[in-house]
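Following: one structure in structure tokens, then a few remarks.
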Amino acid sequence: MKAAIPTRGPTGLLIALALAVLTALSVLTAGAPGASAATGVQAVAEALQKNPVYVDPAAADELPESDADALAKQIEGADKPLFVAVLPDGFPTENLFTDLRTATGVTGLYAVRLGDRFDARADSSVLPRNAVQNLVTSVRGEDDVRTQLDDFTDRALANMGGSAPAGWSTSGDGGGVSTTGLIVAGAVLAAGGAGAYTLVRRNRRRHEEEQRQALERLRVVVDEDITAFGEELDRLDFHPGEPGADDLMRADYERALDSYDKAKTSMAQARRPEDVRTVTEALEDGRFSLVQLAARREHRPLPERRPPCFFDPRHGPSVADATWTPPGGAAREVPVCAADRTRLADGRDPVIREVDTDYGRRPYWDAGPAYGPWAGGYFGGGILPGLLVGTLLGSMMAGPAYAADYGGGYGDFGGYEGGDVSGADFDSGDFGDFGGGFGGGDFGGGGDFGGGF
């Protein structure tokens with residue numbers, strides 16, 4: 001995993017300028033990607049270690065070299081570990097993704113166009129399985145190779161994490177950096193450093209004011225959540241000493257009360273939008289305790305631990321996953337409460353949590369970046385990226401500046417380790433069948449490519 005680089009203060013600005021100069025120089029000195037002879041998975045892997053896009057010579061008609069070069073530059077420019085391979089019909093498919101990931105040895109997202117079929121797999125630290133499924137489904141049926149790969153790449157880069165492997169930026173034609181280039185680089189650094197301190201102070205004040213305003217707007221929504229949970233506690237009408245109450249029921253009730261108190265205390269102490277995550281984590285935990293308590297009182301089987309309803313976490317823990325397609329977006333599986341599951345099954349709209357924005361009432365996923373920590377507390381454990389694919393909030397959270405402004409770790413939006421050289425040490429389950437008929441495209445559960453894929 002790459003070491004953290006300071007992003008604030010004059011030192012951080014100088015480092016950023018230096019990186020920009022070095023990046024420009026590396027672009028000038030890097031060699032153009034070339035095609036390798038296709039001798040199997042090993043040849044594909046070796047090519048991908050040097051360039052994000054590989055086109056098998058036997059499939060050269062599928063994606064012209066100019067289009068492949070443009071796609072590679074887009075991926076390199078985004079600094080994400082996305083690997084794209086265009087292979088011909090007849091290429092061996094058994095365990096293709098697992099073997100390709102092992103041979104490449106780099107954590108990332110791997111996409112393969114094979115003949116007229118397309119699929120993808122990823123390390124879960126870069127993009128969780130359900131997010132990969134949703135992305136592949138969103139481009140399924142696009143016959144034109146360039147269009148399909150462009151669309152997939154655009155959406156993947158906006159939602160995945162990690163950094164590009166070092167090998168992409170170090171490949172070159174063996175030429176050196178000119179003295180003129182080094183002089184220009186030095187001049188740029190000197191000019192940038194002259195005004196760094198003033199610029200940083202101005203940006204810091206503006207950033208602090210933006211954070212304060214975001215927290216105040218978010219506070220209204222969180223206070224509504226806390227109030228709603230308090231009302232649930234009142235309606236419960238449970239008394240620890242009531243007939244039939246046992247120690248397990250009392251423990252559930254005590255956890256719910258503790259969660260309520262923790263949410264209120266955490267919100268009172270919040271100073272930045274990212275502090276809100278602790279609040280919604282407490283509320284999510286408290287609601288599950290209430291569901292457990294209700295099951296014990298009614299002598300029902302205890303419920304499984306599930307995330308809250310995607311459309312409004314105040315609806316409580318979800319009971320199932322349902323397919324939902326946002327306006328202008330791709331279909332995806334989202335956790336839903338019983339009421340919203342019925343609405344969707346009847347062809348009606350779910351009851352969506354809307355919040356105030358500068359443009360009126362909007363769903364929380366279209367309300368701005370401060371809602372990332374709020375959603376992250378409710379939907380931890382890596383499911384958040386898949387739920388937010390194609391939404392305004394999802395795109396913002398995938399941006400490189402988001403973690404610096406609002407913190408990381410919201411599901412799989414933060415703390416990525418993509419692009420690191422991990423060799424064969426990875427979870428092969430991430431690269432196996434998606435199963436369940438969803439398939440993630442023609443390679444997956446549909447079984448078109450044969451066993452073990």
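Simple scheme: letters A, B, ... for chains in structure tokens order, numbers from 1 for residues in each chain, numbers from 1 for ligands in the order shown.
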
Legend entry - Surrounding residues of stretch 329-340 of chain A excluding itself and chain neighbours under 6 positions, 10 Å, only C-alpha atoms, as a ChimeraX atom specification: /A:130-131,133-139,306-323,346,348-352,379,383-384,386-391

Legend entry - Long-range neighbours of A:Gly141 as a PyMOL selection string, 12 Å cut-off, only C-alpha atoms, 6 positions minimum in chain: chain A and resi 116-119+147-149+151+441-442

Inset, instruction - Going by DSSP on the backbone, which bits of stretch 136-373 of chain A are helix (DSSP H, G or I)? Write them as a PyMOL selection string, please. - result: chain A and resi 136-139+145-159+166-170+179-194+196-236+247-269+273-297+313-315+338-345+364-366+371-373

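With only C-alpha atoms as the atoms that count, the residue of A:Thr357, A:Gln49, A:Gln292, A:Thr265 with the shortest distance to A:Gly167 is A:Gln49.
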
Legend entry - Contacts of A:Ala282 within 8 Å, only C-alpha atoms, excl. fewer than 4 positions in-chain, as number ranges by chain: A: 259-260, 262-263, 278, 286

Legend entry - Nearby residues (only C-alpha atoms) at most 9 Å from A:Arg250, same-chain spacing under 4 positions excluded, as a ChimeraX atom specification: /A:239-241,245-246,254-255,293

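Distances from A:Ala166, A:Ala370, A:Ala256, A:Val355 to A:Gln213 were compared using only C-alpha atoms, and the smallest one belongs to A:Ala370.
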
Legend entry - Gap from atom CA of A:Ala120 to atom CA of A:Gly376 - Å, one decimal: 25.3 Å

Legend entry - Exercise: stretch 70-72 of chain A partners within 9 Å, only C-alpha atoms, chain neighbours under 4 positions left out, as a ChimeraX atom specification: /A:33,51-54,65-66,76-77,84,146,149-150,153

Could you write those residues out with C-alpha atoms, as a compact mmCIF listing (two decimals), in the first residue's frame?
# COMPACT_ATOMS: atom_id res chain seq x y z
CA PRO A 33 1.77 0.87 -25.44
CA ASN A 51 -0.39 -0.88 -19.68
CA PRO A 52 -4.02 -0.86 -18.50
CA VAL A 53 -5.44 -1.94 -21.86
CA TYR A 54 -4.48 -5.08 -23.76
CA GLU A 65 -5.12 0.83 -31.58
CA SER A 66 -6.09 4.51 -31.40
CA GLU A 76 -3.80 6.23 -16.37
CA GLY A 77 -5.01 9.80 -15.96
CA VAL A 84 -9.08 -4.05 -19.58
CA ARG A 146 -15.57 0.84 -27.96
CA LEU A 149 -15.65 -0.30 -22.80
CA ASP A 150 -15.89 3.50 -22.70
CA THR A 153 -14.58 2.64 -17.80

Inset, instruction - Point out the residue among A:Val41, A:Met397, A:Ala85, A:Leu302 with the least atom-to-atom distance to A:Val55, counting only C-alpha atoms. - result: A:Ala85

Legend entry - strand (DSSP E or B) call set, DSSP backbone run, stretch 25-175 of chain A, as a ChimeraX atom specification: /A:53-55,82-87,106,109-114,117-122
